[in-house]
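Report on one structure; see the data block that follows.
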Amino acid sequence: MKNTEKVKWGIIGLGNIAHQFAKELMLVEGTQITAVASRNLGKAQEFAEKYNCKKAYASYDEIINDDEIDILYIATPHDSHAALTIKALQNNKHVLCEKPIALNYNDALQMIDASKKNNKFFMEAFWTRFNPSVQEAFYKIKNGEIGEVKYINADFAFHAEKLEGNRMTDIKLGGGSLMDIGVYPLFLSYLLLGIPKEIVAKSNFHETGADLQTSMILQYDNAQAVLHSSFVSTSNMEATISGSEGRITLSPLWFMPQSYALIKDNHKINYSWPTLGKGYTYEIMECHKCIKENRIESSLWSHQNSLDLIKIVDEVRNQIGLVYPS
């Protein structure tokens, strides 16, 4: 692909997050929303009209087989991520797939194998990794501004008004707070401290078998992380990374911050990094860059990063006894 050509996107699964993503796509230069797909044609047509998209499909196979599309954004429920990603990669499409990458490590491994075999770019959509405040905070941590990281405290919690008949608690769709939002604090701990040597986790469950809230302690050789996800309570959603010489706080909402603070020697310095849109724009730009450089993965959020994270998630699931029918 030439650098002057527009990257033509297709979107599969047209729920709330797809609407947010489509708005962000329209903020990025060199982008075109070419086609969208839902199992409901009326919904697809309405979405296409709203975002000035010329094609609306009533099946996922149709959009996967559309030769005009360069990259597909997959925003369907978690249980379908693996099958749709693999099929898209096999049909000559690059893929950005919403988190979590899959329901388990083995599925994720097959997705990455498909990327390698078909020489197509594939990335899990961990947009937080590309947020400017997160990037700058990580840079300071890596360069020893707060000394050695000893403790991470992060959560992602909100009170869901309706849990009955909701995707979030549908066990068949991969529902539960761990998969939906718990992956965010796990992501933060993994990026800063790596794979833990031990995990202790406990959950409270919905009658469907999906976890409503999950608390996790990740034990490292010289550090700990205390993490939490919940659909049944609120929190300020500020993340703190504490080191031997200071600490950094990512401002609420920490997974999409507009700023962060460095606290050291009883002094606090605030750094402001407003995002373009909500911040999906930066992972979109990363996709464009990788595609135009003929790379099949990002160096900032690589295939191995996704595999490591889902392996950690698998262990948490084992700890809490969360089992999906598939």
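Ligands are numbered from 1 in the order shown, residues from 1 within each chain, and chains are lettered A, B, ... in the order they appear in the structure tokens.
Proximity to Gly13 of chain A at 8 Å, evaluated using only C-alpha atoms and with sequence-adjacent residues fewer than 2 positions away removed, yields A:Ile11, A:Gly15, A:Ala18, A:Val36, A:Ala37, A:Ser38, A:Ile74, A:Ala75, A:Thr76.
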Segment 89-143 of chain A near segment 164-178 of chain A within 10 Å: what's each residue's closest atom pair and its distance in Å to one decimal, counting only C-alpha atoms, ordered by chain then ascending residue number, as a tab-separated table?
```
residue	atom	partner	partner_atom	distance
A:Pro100	CA	A:Leu178	CA	9.6
A:Ala102	CA	A:Gly174	CA	9.0
A:Leu103	CA	A:Gly174	CA	6.8
```
Quick one: pick out all strand (DSSP E or B) residues within segment 125-272 of chain A from a backbone DSSP run and write them as a ChimeraX atom specification. /A:149-157,159,198-205,211-219,224-230,232,239-243,247-250,259-264,267-272
How would the residues just picked look written out with C-alpha atoms as a PDB file, in the first residue's frame?
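Produced file part.pdb, reproduced below:
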```
ATOM      1  CA  VAL A 149       8.273  -0.271  40.560  1.00  0.00           C
ATOM      2  CA  LYS A 150       7.071  -1.978  43.742  1.00  0.00           C
ATOM      3  CA  TYR A 151       3.281  -1.665  43.706  1.00  0.00           C
ATOM      4  CA  ILE A 152       0.458  -1.115  41.226  1.00  0.00           C
ATOM      5  CA  ASN A 153      -3.122  -0.360  42.197  1.00  0.00           C
ATOM      6  CA  ALA A 154      -5.702  -0.192  39.429  1.00  0.00           C
ATOM      7  CA  ASP A 155      -9.348  -0.962  38.948  1.00  0.00           C
ATOM      8  CA  PHE A 156     -12.094  -0.635  36.375  1.00  0.00           C
ATOM      9  CA  ALA A 157     -15.515  -0.536  37.985  1.00  0.00           C
ATOM     10  CA  HIS A 159     -22.485   0.160  38.375  1.00  0.00           C
ATOM     11  CA  GLU A 198       1.681 -16.155  41.372  1.00  0.00           C
ATOM     12  CA  ILE A 199      -1.934 -14.985  41.119  1.00  0.00           C
ATOM     13  CA  VAL A 200      -4.622 -15.000  43.790  1.00  0.00           C
ATOM     14  CA  ALA A 201      -8.122 -14.097  42.618  1.00  0.00           C
ATOM     15  CA  LYS A 202     -11.672 -14.200  43.955  1.00  0.00           C
ATOM     16  CA  SER A 203     -15.027 -13.325  42.380  1.00  0.00           C
ATOM     17  CA  ASN A 204     -18.714 -12.831  43.010  1.00  0.00           C
ATOM     18  CA  PHE A 205     -20.947 -14.216  40.269  1.00  0.00           C
ATOM     19  CA  ASP A 211     -18.372 -12.836  37.232  1.00  0.00           C
ATOM     20  CA  LEU A 212     -19.869  -9.585  38.529  1.00  0.00           C
ATOM     21  CA  GLN A 213     -16.742  -8.491  40.378  1.00  0.00           C
ATOM     22  CA  THR A 214     -13.241  -9.899  40.539  1.00  0.00           C
ATOM     23  CA  SER A 215     -10.322  -8.955  42.777  1.00  0.00           C
ATOM     24  CA  MET A 216      -6.779 -10.012  41.932  1.00  0.00           C
ATOM     25  CA  ILE A 217      -3.408  -9.936  43.651  1.00  0.00           C
ATOM     26  CA  LEU A 218      -0.439 -10.474  41.338  1.00  0.00           C
ATOM     27  CA  GLN A 219       2.755 -11.505  43.085  1.00  0.00           C
ATOM     28  CA  GLN A 224       2.790  -6.679  43.923  1.00  0.00           C
ATOM     29  CA  ALA A 225      -0.271  -5.505  42.000  1.00  0.00           C
ATOM     30  CA  VAL A 226      -3.755  -5.215  43.513  1.00  0.00           C
ATOM     31  CA  LEU A 227      -6.376  -5.087  40.776  1.00  0.00           C
ATOM     32  CA  HIS A 228     -10.167  -5.107  40.562  1.00  0.00           C
ATOM     33  CA  SER A 229     -13.039  -5.171  38.057  1.00  0.00           C
ATOM     34  CA  SER A 230     -16.741  -4.742  38.764  1.00  0.00           C
ATOM     35  CA  VAL A 232     -21.799  -3.671  40.678  1.00  0.00           C
ATOM     36  CA  ALA A 239      -4.336   4.062  38.631  1.00  0.00           C
ATOM     37  CA  THR A 240      -1.246   4.405  40.817  1.00  0.00           C
ATOM     38  CA  ILE A 241       2.215   3.056  40.016  1.00  0.00           C
ATOM     39  CA  SER A 242       4.423   3.271  43.110  1.00  0.00           C
ATOM     40  CA  GLY A 243       8.188   2.977  43.034  1.00  0.00           C
ATOM     41  CA  ARG A 247       4.884   7.368  42.242  1.00  0.00           C
ATOM     42  CA  ILE A 248       2.884   8.166  39.121  1.00  0.00           C
ATOM     43  CA  THR A 249      -0.884   8.417  38.978  1.00  0.00           C
ATOM     44  CA  LEU A 250      -2.823   8.099  35.735  1.00  0.00           C
ATOM     45  CA  SER A 259      -3.059  13.672  32.048  1.00  0.00           C
ATOM     46  CA  TYR A 260      -0.879  12.079  34.709  1.00  0.00           C
ATOM     47  CA  ALA A 261       0.975  13.218  37.817  1.00  0.00           C
ATOM     48  CA  LEU A 262       4.480  12.529  39.094  1.00  0.00           C
ATOM     49  CA  ILE A 263       4.808  12.650  42.890  1.00  0.00           C
ATOM     50  CA  LYS A 264       8.381  12.670  44.159  1.00  0.00           C
ATOM     51  CA  HIS A 267       6.395  17.508  45.136  1.00  0.00           C
ATOM     52  CA  LYS A 268       3.624  16.849  42.611  1.00  0.00           C
ATOM     53  CA  ILE A 269       3.966  17.756  38.949  1.00  0.00           C
ATOM     54  CA  ASN A 270       0.963  17.430  36.625  1.00  0.00           C
ATOM     55  CA  TYR A 271       1.464  16.657  32.944  1.00  0.00           C
ATOM     56  CA  SER A 272      -1.360  17.264  30.480  1.00  0.00           C
TER      57      SER A 272
END
```
Asp70 of chain A: which residues within 9 Å, counting only C-alpha atoms, same-chain residues fewer than 2 positions away excluded, as a ChimeraX atom specification? /A:7-10,67-68,72,92-95
Could you please take those selected residues and save N, CA, C and O atoms as a PDB file, in the first residue's frame?
```pdb
ATOM      1  N   VAL A   7      -6.618   4.238   3.717  1.00  0.00           N
ATOM      2  CA  VAL A   7      -6.825   2.902   4.263  1.00  0.00           C
ATOM      3  C   VAL A   7      -8.326   2.672   4.381  1.00  0.00           C
ATOM      4  O   VAL A   7      -9.036   3.446   5.028  1.00  0.00           O
ATOM      5  N   LYS A   8      -8.794   1.600   3.735  1.00  0.00           N
ATOM      6  CA  LYS A   8     -10.236   1.340   3.681  1.00  0.00           C
ATOM      7  C   LYS A   8     -10.629   0.340   4.757  1.00  0.00           C
ATOM      8  O   LYS A   8     -10.196  -0.806   4.748  1.00  0.00           O
ATOM      9  N   TRP A   9     -11.468   0.809   5.665  1.00  0.00           N
ATOM     10  CA  TRP A   9     -11.878   0.033   6.826  1.00  0.00           C
ATOM     11  C   TRP A   9     -13.254  -0.589   6.646  1.00  0.00           C
ATOM     12  O   TRP A   9     -14.145  -0.005   6.020  1.00  0.00           O
ATOM     13  N   GLY A  10     -13.410  -1.772   7.239  1.00  0.00           N
ATOM     14  CA  GLY A  10     -14.713  -2.389   7.396  1.00  0.00           C
ATOM     15  C   GLY A  10     -14.940  -2.618   8.877  1.00  0.00           C
ATOM     16  O   GLY A  10     -13.987  -2.842   9.630  1.00  0.00           O
ATOM     17  N   ASP A  67     -13.491  -7.417  -1.469  1.00  0.00           N
ATOM     18  CA  ASP A  67     -12.094  -7.209  -1.864  1.00  0.00           C
ATOM     19  C   ASP A  67     -11.638  -5.762  -1.758  1.00  0.00           C
ATOM     20  O   ASP A  67     -10.436  -5.480  -1.836  1.00  0.00           O
ATOM     21  N   GLU A  68     -12.564  -4.839  -1.575  1.00  0.00           N
ATOM     22  CA  GLU A  68     -12.194  -3.427  -1.505  1.00  0.00           C
ATOM     23  C   GLU A  68     -11.628  -3.045  -0.133  1.00  0.00           C
ATOM     24  O   GLU A  68     -10.918  -2.049   0.009  1.00  0.00           O
ATOM     25  N   LEU A  72     -10.223  -4.921   8.717  1.00  0.00           N
ATOM     26  CA  LEU A  72     -11.495  -5.090   9.408  1.00  0.00           C
ATOM     27  C   LEU A  72     -11.317  -4.833  10.896  1.00  0.00           C
ATOM     28  O   LEU A  72     -10.378  -5.337  11.523  1.00  0.00           O
ATOM     29  N   ASN A  92      -7.480 -12.399   3.192  1.00  0.00           N
ATOM     30  CA  ASN A  92      -6.626 -11.303   2.734  1.00  0.00           C
ATOM     31  C   ASN A  92      -6.929  -9.957   3.388  1.00  0.00           C
ATOM     32  O   ASN A  92      -6.696  -8.905   2.799  1.00  0.00           O
ATOM     33  N   LYS A  93      -7.451  -9.972   4.610  1.00  0.00           N
ATOM     34  CA  LYS A  93      -7.742  -8.737   5.321  1.00  0.00           C
ATOM     35  C   LYS A  93      -6.787  -8.580   6.505  1.00  0.00           C
ATOM     36  O   LYS A  93      -6.470  -9.544   7.200  1.00  0.00           O
ATOM     37  N   HIS A  94      -6.354  -7.352   6.742  1.00  0.00           N
ATOM     38  CA  HIS A  94      -5.717  -7.032   8.004  1.00  0.00           C
ATOM     39  C   HIS A  94      -6.816  -6.960   9.060  1.00  0.00           C
ATOM     40  O   HIS A  94      -7.991  -6.722   8.724  1.00  0.00           O
ATOM     41  N   VAL A  95      -6.459  -7.118  10.334  1.00  0.00           N
ATOM     42  CA  VAL A  95      -7.484  -7.164  11.380  1.00  0.00           C
ATOM     43  C   VAL A  95      -7.047  -6.408  12.631  1.00  0.00           C
ATOM     44  O   VAL A  95      -5.932  -6.586  13.131  1.00  0.00           O
TER      45      VAL A  95
END
```
Can you write out as JSON lines which residues of segment 24-139 of chain A fall within 10 Å of segment 276-279 of chain A, alongside each residue's closest atom pair and its distance in Å to one decimal, counting only C-alpha atoms and ordering rows by chain and ascending residue number?
```
{"residue": "A:Glu24", "atom": "CA", "partner": "A:Gly277", "partner_atom": "CA", "distance": 6.2}
{"residue": "A:Leu25", "atom": "CA", "partner": "A:Gly277", "partner_atom": "CA", "distance": 9.6}
{"residue": "A:Met26", "atom": "CA", "partner": "A:Gly277", "partner_atom": "CA", "distance": 9.9}
{"residue": "A:Leu27", "atom": "CA", "partner": "A:Gly277", "partner_atom": "CA", "distance": 7.3}
{"residue": "A:Val28", "atom": "CA", "partner": "A:Leu276", "partner_atom": "CA", "distance": 8.9}
{"residue": "A:Trp127", "atom": "CA", "partner": "A:Gly279", "partner_atom": "CA", "distance": 7.1}
{"residue": "A:Thr128", "atom": "CA", "partner": "A:Gly279", "partner_atom": "CA", "distance": 7.9}
{"residue": "A:Phe130", "atom": "CA", "partner": "A:Gly279", "partner_atom": "CA", "distance": 8.0}
{"residue": "A:Asn131", "atom": "CA", "partner": "A:Gly279", "partner_atom": "CA", "distance": 6.2}
{"residue": "A:Pro132", "atom": "CA", "partner": "A:Gly279", "partner_atom": "CA", "distance": 8.6}
```
Would you mind exporting C-alpha atoms of the selected residues as a PDB file, in the first residue's frame?
```
ATOM      1  CA  GLU A  24     -12.665   8.273  15.840  1.00  0.00           C
ATOM      2  CA  LEU A  25     -11.945   6.871  12.368  1.00  0.00           C
ATOM      3  CA  MET A  26     -13.412  10.048  10.908  1.00  0.00           C
ATOM      4  CA  LEU A  27     -10.816  12.108  12.838  1.00  0.00           C
ATOM      5  CA  VAL A  28      -7.819  10.285  11.337  1.00  0.00           C
ATOM      6  CA  TRP A 127      -6.077   1.441  22.691  1.00  0.00           C
ATOM      7  CA  THR A 128      -4.728   2.398  26.145  1.00  0.00           C
ATOM      8  CA  PHE A 130      -1.143   4.146  22.495  1.00  0.00           C
ATOM      9  CA  ASN A 131      -2.587   6.914  24.712  1.00  0.00           C
ATOM     10  CA  PRO A 132      -0.093   9.841  24.946  1.00  0.00           C
TER      11      PRO A 132
END
```
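Using only C-alpha atoms for every distance, the candidate list A:Glu293, A:Glu49, A:Glu98, A:Asp265 yields A:Glu98 as the residue closest to Ile181 of chain A.
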So which residues touch Tyr51 of chain A within 10 Å, counting only C-alpha atoms, skipping near sequence neighbours fewer than 5 positions away, as number ranges by chain? A: 19, 22-23, 25-26, 32-34, 36, 46
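Put simply, atom CA of Glu136 of chain A is 8.8 Å away from atom CA of Trp273 of chain A.
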